[in-house]
file model-v1.cif (mmCIF, C-alpha atoms)
data_start
loop_
_atom_site.group_PDB
_atom_site.id
_atom_site.type_symbol
_atom_site.label_atom_id
_atom_site.label_comp_id
_atom_site.auth_asym_id
_atom_site.auth_seq_id
_atom_site.Cartn_x
_atom_site.Cartn_y
_atom_site.Cartn_z
ATOM 1 C CA MET G 1 0.000 0.000 0.000
ATOM 2 C CA SER G 2 1.353 3.400 -0.963
ATOM 3 C CA SER G 3 2.116 5.914 1.800
ATOM 4 C CA THR G 4 0.829 8.717 -0.460
ATOM 5 C CA PRO G 5 -2.528 10.051 0.839
ATOM 6 C CA LEU G 6 -5.596 8.754 -0.947
ATOM 7 C CA VAL G 7 -7.904 11.282 -2.581
ATOM 8 C CA VAL G 8 -10.407 8.513 -3.415
ATOM 9 C CA GLN G 9 -10.997 5.335 -1.449
ATOM 10 C CA ALA G 10 -13.989 3.268 -2.533
ATOM 11 C CA ARG G 11 -14.813 -0.141 -1.100
ATOM 12 C CA GLY G 12 -17.579 -2.420 -2.281
ATOM 13 C CA ILE G 13 -19.543 0.323 -4.033
ATOM 14 C CA THR G 14 -22.907 -0.759 -5.421
ATOM 15 C CA LYS G 15 -25.444 1.268 -7.366
ATOM 16 C CA CYS G 16 -28.673 0.118 -8.985
ATOM 17 C CA PHE G 17 -31.228 1.843 -11.182
ATOM 18 C CA GLY G 18 -34.327 -0.273 -10.787
ATOM 19 C CA ASP G 19 -33.401 -3.775 -11.905
ATOM 20 C CA VAL G 20 -30.202 -2.586 -13.590
ATOM 21 C CA VAL G 21 -27.009 -3.094 -11.556
ATOM 22 C CA ALA G 22 -24.702 -0.260 -12.629
ATOM 23 C CA LEU G 23 -21.944 -0.908 -10.079
ATOM 24 C CA ASP G 24 -21.404 -4.200 -8.297
ATOM 25 C CA GLY G 25 -18.835 -4.231 -5.485
ATOM 26 C CA VAL G 26 -16.424 -1.700 -6.999
ATOM 27 C CA ASP G 27 -13.155 -0.839 -5.228
ATOM 28 C CA LEU G 28 -11.089 2.166 -6.295
ATOM 29 C CA ASP G 29 -7.979 3.842 -4.858
ATOM 30 C CA VAL G 30 -6.596 7.088 -6.260
ATOM 31 C CA THR G 31 -3.589 8.724 -4.628
ATOM 32 C CA ARG G 32 -2.635 12.376 -4.419
ATOM 33 C CA GLY G 33 -0.852 13.502 -7.599
ATOM 34 C CA GLN G 34 -1.953 10.457 -9.594
ATOM 35 C CA ILE G 35 -3.766 10.405 -12.928
ATOM 36 C CA HIS G 36 -5.938 7.294 -12.739
ATOM 37 C CA GLY G 37 -7.623 6.039 -15.895
ATOM 38 C CA LEU G 38 -11.119 4.583 -15.950
ATOM 39 C CA VAL G 39 -11.789 2.273 -18.902
ATOM 40 C CA GLY G 40 -14.728 0.160 -19.986
ATOM 41 C CA PRO G 41 -17.237 -0.442 -22.762
ATOM 42 C CA ASN G 42 -20.493 1.480 -22.966
ATOM 43 C CA GLY G 43 -22.719 0.489 -20.067
ATOM 44 C CA ALA G 44 -19.828 -0.700 -17.897
ATOM 45 C CA GLY G 45 -20.612 1.770 -15.082
ATOM 46 C CA LYS G 46 -17.962 4.431 -15.725
ATOM 47 C CA THR G 47 -20.384 7.372 -15.851
ATOM 48 C CA THR G 48 -22.165 6.160 -12.715
ATOM 49 C CA LEU G 49 -18.889 5.944 -10.810
ATOM 50 C CA LEU G 50 -17.807 9.409 -11.962
ATOM 51 C CA GLY G 51 -21.186 10.768 -10.877
ATOM 52 C CA LEU G 52 -20.659 9.352 -7.382
ATOM 53 C CA LEU G 53 -17.266 11.048 -7.152
ATOM 54 C CA LEU G 54 -18.798 14.380 -8.194
ATOM 55 C CA GLY G 55 -21.722 14.124 -5.771
ATOM 56 C CA LEU G 56 -24.295 13.782 -8.559
ATOM 57 C CA ALA G 57 -25.540 10.477 -7.124
ATOM 58 C CA VAL G 58 -25.135 8.433 -3.955
ATOM 59 C CA ALA G 59 -24.171 4.784 -3.658
ATOM 60 C CA ASP G 60 -26.649 2.160 -2.514
ATOM 61 C CA GLY G 61 -23.969 0.262 -0.638
ATOM 62 C CA GLY G 62 -20.284 0.225 0.239
ATOM 63 C CA SER G 63 -18.127 3.057 1.537
ATOM 64 C CA LEU G 64 -16.664 6.054 -0.238
ATOM 65 C CA HIS G 65 -14.069 8.470 1.153
ATOM 66 C CA ILE G 66 -13.063 11.515 -0.862
ATOM 67 C CA LEU G 67 -10.115 13.633 0.270
ATOM 68 C CA GLY G 68 -10.191 11.706 3.535
ATOM 69 C CA THR G 69 -13.838 12.506 4.310
ATOM 70 C CA PRO G 70 -16.648 9.913 4.207
ATOM 71 C CA VAL G 71 -19.294 10.746 1.628
ATOM 72 C CA GLY G 72 -22.802 10.942 3.053
ATOM 73 C CA ARG G 73 -26.233 10.703 1.457
ATOM 74 C CA ALA G 74 -26.448 14.317 0.257
ATOM 75 C CA LEU G 75 -26.300 15.146 -3.447
ATOM 76 C CA ALA G 76 -23.488 17.674 -3.442
ATOM 77 C CA ALA G 77 -19.960 17.865 -4.765
ATOM 78 C CA PRO G 78 -17.509 17.372 -1.888
ATOM 79 C CA ASP G 79 -15.274 20.339 -1.128
ATOM 80 C CA GLY G 80 -12.126 20.298 -3.219
ATOM 81 C CA VAL G 81 -13.681 18.271 -6.055
ATOM 82 C CA ALA G 82 -14.453 19.540 -9.571
ATOM 83 C CA GLY G 83 -15.008 18.152 -13.047
ATOM 84 C CA PHE G 84 -17.735 17.089 -15.435
ATOM 85 C CA VAL G 85 -19.641 14.076 -16.713
ATOM 86 C CA ASP G 86 -21.295 13.823 -20.132
ATOM 87 C CA GLY G 87 -19.707 17.083 -21.211
ATOM 88 C CA PRO G 88 -19.468 20.425 -19.402
ATOM 89 C CA GLY G 89 -22.606 22.434 -18.685
ATOM 90 C CA LEU G 90 -22.196 25.779 -20.460
ATOM 91 C CA TYR G 91 -24.342 28.782 -21.454
ATOM 92 C CA PRO G 92 -24.305 28.957 -25.282
ATOM 93 C CA SER G 93 -25.382 32.614 -25.440
ATOM 94 C CA LEU G 94 -22.530 33.789 -23.194
ATOM 95 C CA THR G 95 -18.884 34.228 -24.095
ATOM 96 C CA ALA G 96 -16.182 31.976 -22.697
ATOM 97 C CA ARG G 97 -15.171 34.595 -20.146
ATOM 98 C CA GLN G 98 -18.809 35.272 -19.192
ATOM 99 C CA ASN G 99 -19.402 31.558 -18.691
ATOM 100 C CA LEU G 100 -16.509 31.346 -16.256
ATOM 101 C CA ALA G 101 -17.640 34.491 -14.426
ATOM 102 C CA ALA G 102 -21.161 33.102 -14.078
ATOM 103 C CA LEU G 103 -19.897 29.775 -12.761
ATOM 104 C CA ALA G 104 -17.599 31.543 -10.296
ATOM 105 C CA ALA G 105 -20.556 33.627 -9.040
ATOM 106 C CA LEU G 106 -22.718 30.512 -8.617
ATOM 107 C CA ARG G 107 -20.094 29.029 -6.341
ATOM 108 C CA GLY G 108 -20.373 32.014 -4.000
ATOM 109 C CA GLY G 109 -17.880 34.221 -2.252
ATOM 110 C CA ASP G 110 -16.226 31.301 -0.490
ATOM 111 C CA ALA G 111 -15.057 29.743 -3.751
ATOM 112 C CA ARG G 112 -11.308 30.130 -4.180
ATOM 113 C CA THR G 113 -11.355 31.276 -7.764
ATOM 114 C CA ALA G 114 -8.276 31.709 -9.899
ATOM 115 C CA GLY G 115 -8.208 34.594 -12.340
ATOM 116 C CA LEU G 116 -10.486 33.987 -15.303
ATOM 117 C CA ASP G 117 -7.803 35.037 -17.759
ATOM 118 C CA ASP G 118 -5.359 32.681 -16.110
ATOM 119 C CA VAL G 119 -7.493 29.555 -16.536
ATOM 120 C CA LEU G 120 -8.430 30.567 -20.076
ATOM 121 C CA ASP G 121 -4.739 30.825 -20.861
ATOM 122 C CA GLN G 122 -4.041 27.454 -19.271
ATOM 123 C CA VAL G 123 -6.445 25.701 -21.640
ATOM 124 C CA GLY G 124 -5.449 27.743 -24.694
ATOM 125 C CA LEU G 125 -8.653 29.761 -25.141
ATOM 126 C CA THR G 126 -7.337 33.292 -24.625
ATOM 127 C CA ASP G 127 -7.880 34.249 -28.270
ATOM 128 C CA VAL G 128 -11.580 33.297 -28.129
ATOM 129 C CA ALA G 129 -12.309 34.462 -24.581
ATOM 130 C CA ASP G 130 -14.897 36.983 -25.805
ATOM 131 C CA ASP G 131 -16.553 34.748 -28.408
ATOM 132 C CA ARG G 132 -19.969 33.245 -27.717
ATOM 133 C CA VAL G 133 -19.860 29.565 -26.791
ATOM 134 C CA ARG G 134 -22.611 28.654 -29.274
ATOM 135 C CA GLY G 135 -19.986 28.939 -32.006
ATOM 136 C CA PHE G 136 -17.435 26.744 -30.251
ATOM 137 C CA SER G 137 -16.415 23.359 -31.577
ATOM 138 C CA LEU G 138 -16.788 20.274 -29.369
ATOM 139 C CA GLY G 139 -13.094 20.378 -28.508
ATOM 140 C CA MET G 140 -13.252 24.054 -27.513
ATOM 141 C CA ARG G 141 -16.231 23.333 -25.259
ATOM 142 C CA GLN G 142 -14.291 20.525 -23.609
ATOM 143 C CA ARG G 143 -11.377 22.874 -22.939
ATOM 144 C CA LEU G 144 -13.723 25.510 -21.518
ATOM 145 C CA GLY G 145 -15.212 22.861 -19.255
ATOM 146 C CA LEU G 146 -11.715 22.073 -18.021
ATOM 147 C CA ALA G 147 -11.104 25.788 -17.397
ATOM 148 C CA ALA G 148 -14.313 25.935 -15.338
ATOM 149 C CA ALA G 149 -13.150 22.972 -13.268
ATOM 150 C CA LEU G 150 -9.814 24.683 -12.607
ATOM 151 C CA LEU G 151 -11.489 27.774 -11.138
ATOM 152 C CA THR G 152 -11.680 26.248 -7.661
ATOM 153 C CA ARG G 153 -8.162 24.797 -7.753
ATOM 154 C CA PRO G 154 -9.466 21.279 -7.055
ATOM 155 C CA ARG G 155 -7.582 18.643 -5.128
ATOM 156 C CA LEU G 156 -9.552 15.968 -7.015
ATOM 157 C CA LEU G 157 -10.393 16.495 -10.684
ATOM 158 C CA VAL G 158 -12.925 14.155 -12.306
ATOM 159 C CA LEU G 159 -13.115 14.244 -16.106
ATOM 160 C CA ASP G 160 -15.259 12.343 -18.584
ATOM 161 C CA GLU G 161 -13.766 12.173 -22.113
ATOM 162 C CA PRO G 162 -11.859 15.482 -21.786
ATOM 163 C CA ALA G 163 -10.100 14.950 -25.137
ATOM 164 C CA ASN G 164 -13.354 14.414 -27.019
ATOM 165 C CA GLY G 165 -13.283 16.509 -30.201
ATOM 166 C CA LEU G 166 -9.771 17.854 -29.676
ATOM 167 C CA ASP G 167 -7.348 18.268 -32.555
ATOM 168 C CA PRO G 168 -3.704 17.180 -32.030
ATOM 169 C CA ALA G 169 -2.657 20.632 -30.760
ATOM 170 C CA GLY G 170 -5.571 20.756 -28.330
ATOM 171 C CA THR G 171 -4.828 17.228 -27.152
ATOM 172 C CA ARG G 172 -1.210 18.146 -26.445
ATOM 173 C CA HIS G 173 -2.328 21.279 -24.601
ATOM 174 C CA VAL G 174 -4.803 19.431 -22.370
ATOM 175 C CA ARG G 175 -2.295 16.673 -21.636
ATOM 176 C CA GLY G 176 0.170 19.332 -20.526
ATOM 177 C CA VAL G 177 -2.391 20.918 -18.189
ATOM 178 C CA LEU G 178 -3.287 17.581 -16.580
ATOM 179 C CA THR G 179 0.345 16.521 -16.205
ATOM 180 C CA ARG G 180 1.186 19.830 -14.493
ATOM 181 C CA LEU G 181 -1.812 19.551 -12.143
ATOM 182 C CA ALA G 182 -0.804 16.036 -11.124
ATOM 183 C CA ALA G 183 2.782 17.174 -10.523
ATOM 184 C CA GLU G 184 1.385 19.850 -8.195
ATOM 185 C CA GLY G 185 -0.512 17.223 -6.186
ATOM 186 C CA THR G 186 -3.982 17.112 -7.723
ATOM 187 C CA GLY G 187 -5.503 13.650 -7.977
ATOM 188 C CA ILE G 188 -7.211 13.079 -11.329
ATOM 189 C CA VAL G 189 -9.727 10.446 -12.392
ATOM 190 C CA LEU G 190 -9.912 10.347 -16.172
ATOM 191 C CA SER G 191 -12.435 8.343 -18.178
ATOM 192 C CA SER G 192 -11.750 7.982 -21.883
ATOM 193 C CA HIS G 193 -12.191 5.680 -24.855
ATOM 194 C CA ARG G 194 -8.922 7.027 -26.282
ATOM 195 C CA MET G 195 -6.256 4.538 -25.292
ATOM 196 C CA ASP G 196 -3.446 6.843 -26.449
ATOM 197 C CA ASP G 197 -4.523 9.508 -23.948
ATOM 198 C CA LEU G 198 -4.745 7.015 -21.112
ATOM 199 C CA GLU G 199 -1.348 5.510 -21.902
ATOM 200 C CA ALA G 200 0.258 8.946 -22.215
ATOM 201 C CA LEU G 201 -1.181 10.276 -18.968
ATOM 202 C CA CYS G 202 -2.102 7.522 -16.522
ATOM 203 C CA SER G 203 0.123 5.666 -14.097
ATOM 204 C CA GLU G 204 -2.690 3.272 -13.175
ATOM 205 C CA VAL G 205 -5.993 2.219 -14.719
ATOM 206 C CA THR G 206 -9.169 0.518 -13.593
ATOM 207 C CA ILE G 207 -11.058 -1.512 -16.188
ATOM 208 C CA LEU G 208 -14.782 -1.973 -15.636
ATOM 209 C CA ALA G 209 -17.069 -4.475 -17.354
ATOM 210 C CA THR G 210 -20.760 -4.969 -16.536
ATOM 211 C CA GLY G 211 -20.369 -2.968 -13.329
ATOM 212 C CA ARG G 212 -17.417 -4.904 -11.913
ATOM 213 C CA VAL G 213 -13.679 -4.251 -11.745
ATOM 214 C CA VAL G 214 -11.855 -6.708 -13.987
ATOM 215 C CA PHE G 215 -8.435 -5.084 -13.556
ATOM 216 C CA SER G 216 -6.930 -2.319 -11.448
ATOM 217 C CA GLY G 217 -3.261 -1.455 -11.246
ATOM 218 C CA PRO G 218 -0.226 -0.066 -13.089
ATOM 219 C CA LEU G 219 -0.185 -0.050 -16.883
ATOM 220 C CA GLY G 220 3.005 -2.108 -16.884
ATOM 221 C CA LYS G 221 1.218 -4.921 -15.098
ATOM 222 C CA LEU G 222 -1.231 -5.197 -18.004
ATOM 223 C CA ALA G 223 1.548 -5.934 -20.472
ATOM 224 C CA ALA G 224 3.057 -8.516 -18.123
ATOM 225 C CA GLU G 225 -0.305 -10.251 -17.614
ATOM 226 C CA ASN G 226 -1.137 -10.444 -21.315
ATOM 227 C CA ASP G 227 -0.369 -13.870 -22.738
ATOM 228 C CA ALA G 228 0.877 -12.427 -26.029
ATOM 229 C CA LEU G 229 0.700 -9.287 -28.141
ATOM 230 C CA ASP G 230 1.413 -8.530 -31.790
ATOM 231 C CA TYR G 231 4.537 -6.403 -32.309
ATOM 232 C CA ARG G 232 5.751 -4.683 -35.476
ATOM 233 C CA LEU G 233 9.449 -5.473 -35.862
ATOM 234 C CA LEU G 234 11.657 -3.457 -38.218
ATOM 235 C CA THR G 235 15.315 -4.449 -38.492
ATOM 236 C CA SER G 236 18.410 -3.887 -40.609
ATOM 237 C CA ASP G 237 18.088 -7.412 -42.074
ATOM 238 C CA PRO G 238 14.452 -8.514 -42.563
ATOM 239 C CA ARG G 239 15.360 -11.971 -43.887
ATOM 240 C CA ALA G 240 17.618 -12.773 -40.948
ATOM 241 C CA ALA G 241 15.015 -11.390 -38.537
ATOM 242 C CA ARG G 242 12.310 -13.608 -40.034
ATOM 243 C CA ARG G 243 14.578 -16.648 -39.879
ATOM 244 C CA LEU G 244 15.394 -16.042 -36.215
ATOM 245 C CA ALA G 245 11.757 -15.294 -35.353
ATOM 246 C CA ASP G 246 10.587 -18.487 -37.076
ATOM 247 C CA GLY G 247 13.008 -20.499 -34.969
ATOM 248 C CA ALA G 248 12.379 -18.731 -31.668
ATOM 249 C CA SER G 249 10.429 -20.483 -28.939
ATOM 250 C CA GLY G 250 7.115 -18.810 -28.100
ATOM 251 C CA VAL G 251 7.210 -16.514 -31.157
ATOM 252 C CA HIS G 252 4.756 -16.644 -34.064
ATOM 253 C CA VAL G 253 5.303 -14.665 -37.273
ATOM 254 C CA ALA G 254 1.989 -13.217 -38.492
ATOM 255 C CA ASP G 255 2.557 -12.795 -42.245
ATOM 256 C CA ASP G 256 -0.973 -11.575 -42.952
ATOM 257 C CA ALA G 257 -0.625 -8.709 -40.458
ATOM 258 C CA VAL G 258 1.989 -6.762 -42.476
ATOM 259 C CA PRO G 259 0.711 -4.084 -44.890
ATOM 260 C CA ARG G 260 1.715 -4.707 -48.504
ATOM 261 C CA HIS G 261 3.687 -1.452 -48.670
ATOM 262 C CA ASP G 262 5.693 -2.381 -45.567
ATOM 263 C CA GLY G 263 7.736 -5.283 -46.885
ATOM 264 C CA GLU G 264 10.728 -4.747 -44.590
ATOM 265 C CA ALA G 265 8.728 -5.158 -41.381
ATOM 266 C CA ILE G 266 7.408 -8.334 -39.837
ATOM 267 C CA VAL G 267 4.745 -8.779 -37.176
ATOM 268 C CA VAL G 268 5.494 -11.234 -34.409
ATOM 269 C CA ARG G 269 3.165 -12.473 -31.704
ATOM 270 C CA ALA G 270 4.856 -13.200 -28.410
ATOM 271 C CA ALA G 271 4.669 -12.781 -24.667
ATOM 272 C CA VAL G 272 7.182 -10.392 -23.120
ATOM 273 C CA PRO G 273 9.770 -13.047 -22.062
ATOM 274 C CA ALA G 274 9.802 -14.616 -25.547
ATOM 275 C CA LEU G 275 10.047 -11.187 -27.166
ATOM 276 C CA ASP G 276 13.005 -10.295 -24.949
ATOM 277 C CA ALA G 277 14.746 -13.506 -25.975
ATOM 278 C CA LEU G 278 14.144 -12.741 -29.678
ATOM 279 C CA VAL G 279 15.608 -9.238 -29.357
ATOM 280 C CA SER G 280 18.655 -10.686 -27.609
ATOM 281 C CA ALA G 281 19.082 -13.227 -30.407
ATOM 282 C CA LEU G 282 18.805 -10.503 -33.059
ATOM 283 C CA VAL G 283 21.460 -8.383 -31.393
ATOM 284 C CA HIS G 284 23.738 -11.384 -30.939
ATOM 285 C CA ALA G 285 23.396 -12.115 -34.666
ATOM 286 C CA GLY G 286 24.340 -8.541 -35.561
ATOM 287 C CA VAL G 287 20.817 -7.556 -36.675
ATOM 288 C CA ALA G 288 19.943 -4.013 -35.618
ATOM 289 C CA VAL G 289 16.449 -3.476 -34.199
ATOM 290 C CA ARG G 290 15.174 -0.201 -35.655
ATOM 291 C CA GLU G 291 11.614 -0.361 -34.384
ATOM 292 C CA LEU G 292 9.685 -2.602 -32.021
ATOM 293 C CA ALA G 293 6.181 -1.479 -31.111
ATOM 294 C CA PRO G 294 2.879 -3.176 -30.289
ATOM 295 C CA VAL G 295 0.405 -3.226 -33.152
ATOM 296 C CA VAL G 296 -2.340 -2.864 -30.573
ATOM 297 C CA SER G 297 -1.337 -1.266 -27.278
ATOM 298 C CA PRO G 298 -1.211 -3.403 -24.122
ATOM 299 C CA LEU G 299 -4.055 -1.346 -22.651
ATOM 300 C CA GLU G 300 -6.280 -1.828 -25.677
ATOM 301 C CA ALA G 301 -5.457 -5.539 -25.887
ATOM 302 C CA ALA G 302 -6.214 -6.026 -22.190
ATOM 303 C CA PHE G 303 -9.373 -3.940 -22.475
ATOM 304 C CA LEU G 304 -10.674 -6.104 -25.314
ATOM 305 C CA ALA G 305 -9.682 -9.397 -23.710
ATOM 306 C CA LEU G 306 -10.909 -8.661 -20.184
ATOM 307 C CA THR G 307 -14.192 -7.030 -21.142
ATOM 308 C CA GLU G 308 -15.017 -9.757 -23.662
ATOM 309 C CA GLN G 309 -14.305 -12.421 -21.030
ATOM 310 C CA ARG G 310 -16.585 -10.647 -18.565
ATOM 311 C CA GLN G 311 -19.401 -10.216 -21.076
ATOM 312 C CA GLU G 312 -19.174 -13.877 -22.130
ATOM 313 C CA ALA G 313 -19.247 -14.997 -18.480
ATOM 314 C CA GLY G 314 -22.416 -12.945 -17.921
ATOM 315 C CA ARG G 315 -24.334 -14.609 -20.754
#
call {"tool": "encode", "arguments": {"input": "model-v1.cif", "output": "C-alpha cells"}}
result
Amino acid sequence: MSSTPLVVQARGITKCFGDVVALDGVDLDVTRGQIHGLVGPNGAGKTTLLGLLLGLAVADGGSLHILGTPVGRALAAPDGVAGFVDGPGLYPSLTARQNLAALAALRGGDARTAGLDDVLDQVGLTDVADDRVRGFSLGMRQRLGLAAALLTRPRLLVLDEPANGLDPAGTRHVRGVLTRLAAEGTGIVLSSHRMDDLEALCSEVTILATGRVVFSGPLGKLAAENDALDYRLLTSDPRAARRLADGASGVHVADDAVPRHDGEAIVVRAAVPALDALVSALVHAGVAVRELAPVVSPLEAAFLALTEQRQEAGR
C-alpha cells in the first residue's frame, strides 16, 4: 500500500437503477498527484462511478471516502472536487469569459477562484475568450469545461472524455495541463475511450465491465499479464530477422498482419519473455532493431480481452 494520501478510497460500491445493476462491489484507490484512468465499454458503469465522485448520485452500498472525508447521502460535490460528466454544462449565449464568471458567481464568495484570464490561458482559449460559446467546436467546449473545473483549484479532478473533439494541438495542450496539475498534487480520475490519452497520462488504470472491476493497477502490469501481443518489428536485415523469429520459442510470425507497402517489417506475436529472448538473439546475430512497437497497445489488448471475457461470463 502506498504511503501517499488517498484522494479517493472506494470499497464495495454498489449502485442500482431499478433492476439494472450499474456498479457491483467496486473498489477504487486514487492517490494524491496520480492520474488514474477509468476504462470500460459502454454500459460498464464508468459514468455512474464518476457521478458518485462528483456528488451527482449516492451509492446504494459500500463506503466512499473523498479527500479523507466519508461521503454521506447528500447530493453535493464534496469540497475540493471539480469536473464534469457527459460534457461540461455551459451557457451557449454567453462568451467563454462570461461563462466562467457566471460559474464563479454561482459558487459564491467562499469559492477560491483563480483569475479567469489565467485559466483561459491554461487551456489555450485566450484568443476566443470573448466569443460566444454557441460557435465553439466540441473540442473548444471541452477545454472551456476544463477551465471551469480549474477555477476552484481542485484537489480531485474528475473528467469524462476530456479529449473528445480535440485536434492534435488541443490534445497536447490538455495533456500538458493535466500533467502539471498532477505534478502539483492534484488527484485526477480520467475516463476515456482514447487509449493513447490514457497511456500517455495515466500511471494506473481501472477496467470496468458490466459494473465490476476486472483489472486495477499499473499499466506495466497489463503488459506482463497479457499472454501475447502482436509487435511490429523493423530491423536492418528482414530476412535474418524472419529466420530467427521463425526459430524462436514462443514466437509466431503473423505474415498476414503486415501491410503490402511495408515489406521490410514483420509482425510477431509473443509474450514479453519470448520477445526479450528474440531481441537478444537478433542483437547477438548482428541484426539491428530499428523499431519494435505493439500493433495494438497493451491497454487496448487487455481492455478487449478482459471485457469480452466478462461479457461472455455474464451470458
call {"tool": "closest_residue", "arguments": {"input": "model-v1.cif", "among": "G:Ala102, G:Pro298, G:Leu52, G:Leu304", "to": "Val214 of chain G", "atoms": "only C-alpha atoms"}}
result
G:Leu304
call {"tool": "closest_atom_pairs", "arguments": {"input": "model-v1.cif", "of": "segment 126-241 of chain G", "to": "segment 276-292 of chain G", "cutoff": "10 Å", "atoms": "only C-alpha atoms", "output": "tab-separated table"}}
result
residue	atom	partner	partner_atom	distance
G:Tyr231	CA	G:Leu292	CA	6.4
G:Arg232	CA	G:Leu292	CA	5.6
G:Leu233	CA	G:Leu292	CA	4.8
G:Leu234	CA	G:Glu291	CA	4.9
G:Thr235	CA	G:Val289	CA	4.5
G:Ser236	CA	G:Ala288	CA	5.2
G:Asp237	CA	G:Val287	CA	6.1
G:Pro238	CA	G:Val287	CA	8.7
G:Ala240	CA	G:Val287	CA	7.5
G:Ala241	CA	G:Leu282	CA	6.7
call {"tool": "resolve_selection", "arguments": {"input": "model-v1.cif", "expression": "the PyMOL selection byres ((chain G and resi 4-14) around 9)", "output": "NGL selection string"}}
result
:G and (1-3 or 15-16 or 21-33 or 49 or 53 or 59-68 or 155-156 or 186-188 or 211)
call {"tool": "residues_around", "arguments": {"input": "model-v1.cif", "residues": "Leu146 of chain G", "least_positions_apart": "6", "cutoff": "9 Å", "atoms": "only C-alpha atoms", "output": "mmCIF file with C-alpha atoms, in the coordinates of the input"}}
result
data_model
loop_
_atom_site.group_PDB
_atom_site.id
_atom_site.type_symbol
_atom_site.label_atom_id
_atom_site.label_comp_id
_atom_site.auth_asym_id
_atom_site.auth_seq_id
_atom_site.Cartn_x
_atom_site.Cartn_y
_atom_site.Cartn_z
ATOM 1 C CA GLY G 83 -15.008 18.152 -13.047
ATOM 2 C CA PHE G 84 -17.735 17.089 -15.435
ATOM 3 C CA PRO G 88 -19.468 20.425 -19.402
ATOM 4 C CA VAL G 119 -7.493 29.555 -16.536
ATOM 5 C CA VAL G 123 -6.445 25.701 -21.640
ATOM 6 C CA LEU G 159 -13.115 14.244 -16.106
ATOM 7 C CA PRO G 162 -11.859 15.482 -21.786
ATOM 8 C CA VAL G 174 -4.803 19.431 -22.370
#
call {"tool": "residues_near_point", "arguments": {"input": "model-v1.cif", "point": "(-9.5, 26.3, -18.8)", "cutoff": "10 Å", "atoms": "only C-alpha atoms", "output": "JSON, numbers by chain"}}
result
{"G": [96, 100, 116, 117, 118, 119, 120, 121, 122, 123, 124, 125, 126, 140, 141, 142, 143, 144, 145, 146, 147, 148, 149, 150, 151, 174, 177]}
call {"tool": "closest_residue", "arguments": {"input": "model-v1.cif", "among": "G:Pro273, G:Asp230, G:Glu184, G:Ala163", "to": "Ala301 of chain G", "atoms": "all atoms listed in the file"}}
result
G:Asp230
call {"tool": "atom_distance", "arguments": {"input": "model-v1.cif", "atom1": "atom CA of Gly51 of chain G", "atom2": "atom CA of Leu38 of chain G"}}
result
12.9 Å
call {"tool": "residues_around", "arguments": {"input": "model-v1.cif", "residues": "Thr179 of chain G", "least_positions_apart": "4", "cutoff": "12 Å", "atoms": "all atoms listed in the file", "output": "compact mmCIF listing (two decimals) with C-alpha atoms, keeping the file's coordinate frame"}}
result
# COMPACT_ATOMS: atom_id res chain seq x y z
CA GLY G 33 -0.85 13.50 -7.60
CA GLN G 34 -1.95 10.46 -9.59
CA ILE G 35 -3.77 10.40 -12.93
CA HIS G 36 -5.94 7.29 -12.74
CA ARG G 172 -1.21 18.15 -26.44
CA HIS G 173 -2.33 21.28 -24.60
CA VAL G 174 -4.80 19.43 -22.37
CA ARG G 175 -2.30 16.67 -21.64
CA ALA G 183 2.78 17.17 -10.52
CA GLU G 184 1.38 19.85 -8.20
CA GLY G 185 -0.51 17.22 -6.19
CA THR G 186 -3.98 17.11 -7.72
CA GLY G 187 -5.50 13.65 -7.98
CA ILE G 188 -7.21 13.08 -11.33
CA LEU G 190 -9.91 10.35 -16.17
CA ASP G 197 -4.52 9.51 -23.95
CA LEU G 198 -4.74 7.02 -21.11
CA ALA G 200 0.26 8.95 -22.22
CA LEU G 201 -1.18 10.28 -18.97
CA CYS G 202 -2.10 7.52 -16.52
CA SER G 203 0.12 5.67 -14.10
call {"tool": "atom_distance", "arguments": {"input": "model-v1.cif", "atom1": "atom CA of Asp196 of chain G", "atom2": "atom CA of Glu264 of chain G"}}
result
25.8 Å
call {"tool": "atom_distance", "arguments": {"input": "model-v1.cif", "atom1": "atom CA of Leu219 of chain G", "atom2": "atom CA of Val296 of chain G"}}
result
14.1 Å
call {"tool": "closest_atom_pairs", "arguments": {"input": "model-v1.cif", "of": "segment 54-120 of chain G", "to": "segment 127-134 of chain G", "cutoff": "9 Å", "atoms": "only C-alpha atoms", "output": "tab-separated table"}}
result
residue	atom	partner	partner_atom	distance
G:Leu90	CA	G:Val133	CA	7.7
G:Tyr91	CA	G:Val133	CA	7.0
G:Pro92	CA	G:Arg134	CA	4.3
G:Ser93	CA	G:Arg132	CA	5.9
G:Leu94	CA	G:Arg132	CA	5.2
G:Thr95	CA	G:Arg132	CA	3.9
G:Ala96	CA	G:Ala129	CA	5.0
G:Arg97	CA	G:Ala129	CA	5.3
G:Gln98	CA	G:Asp130	CA	7.9
G:Asn99	CA	G:Val133	CA	8.4
G:Asp117	CA	G:Ala129	CA	8.2
G:Leu120	CA	G:Ala129	CA	7.1
call {"tool": "decode", "arguments": {"input": "model-v1.cif", "residues": "segment 215-221 of chain G", "atoms": "N, CA and C atoms", "output": "mmCIF file, in the first residue's frame"}}
result
data_model
loop_
_atom_site.group_PDB
_atom_site.id
_atom_site.type_symbol
_atom_site.label_atom_id
_atom_site.label_comp_id
_atom_site.auth_asym_id
_atom_site.auth_seq_id
_atom_site.Cartn_x
_atom_site.Cartn_y
_atom_site.Cartn_z
ATOM 1 N N PHE G 215 -9.867 -5.329 -13.755
ATOM 2 C CA PHE G 215 -8.435 -5.084 -13.556
ATOM 3 C C PHE G 215 -8.277 -3.725 -12.905
ATOM 4 N N SER G 216 -7.305 -3.615 -12.004
ATOM 5 C CA SER G 216 -6.930 -2.319 -11.448
ATOM 6 C C SER G 216 -5.467 -2.386 -11.044
ATOM 7 N N GLY G 217 -4.675 -1.453 -11.583
ATOM 8 C CA GLY G 217 -3.261 -1.455 -11.246
ATOM 9 C C GLY G 217 -2.448 -0.691 -12.262
ATOM 10 N N PRO G 218 -1.113 -0.787 -12.165
ATOM 11 C CA PRO G 218 -0.226 -0.066 -13.089
ATOM 12 C C PRO G 218 -0.363 -0.568 -14.519
ATOM 13 N N LEU G 219 -0.115 0.327 -15.473
ATOM 14 C CA LEU G 219 -0.185 -0.050 -16.883
ATOM 15 C C LEU G 219 0.805 -1.154 -17.218
ATOM 16 N N GLY G 220 1.995 -1.097 -16.607
ATOM 17 C CA GLY G 220 3.005 -2.108 -16.884
ATOM 18 C C GLY G 220 2.561 -3.507 -16.524
ATOM 19 N N LYS G 221 1.700 -3.607 -15.524
ATOM 20 C CA LYS G 221 1.218 -4.921 -15.098
ATOM 21 C C LYS G 221 0.315 -5.542 -16.164
#
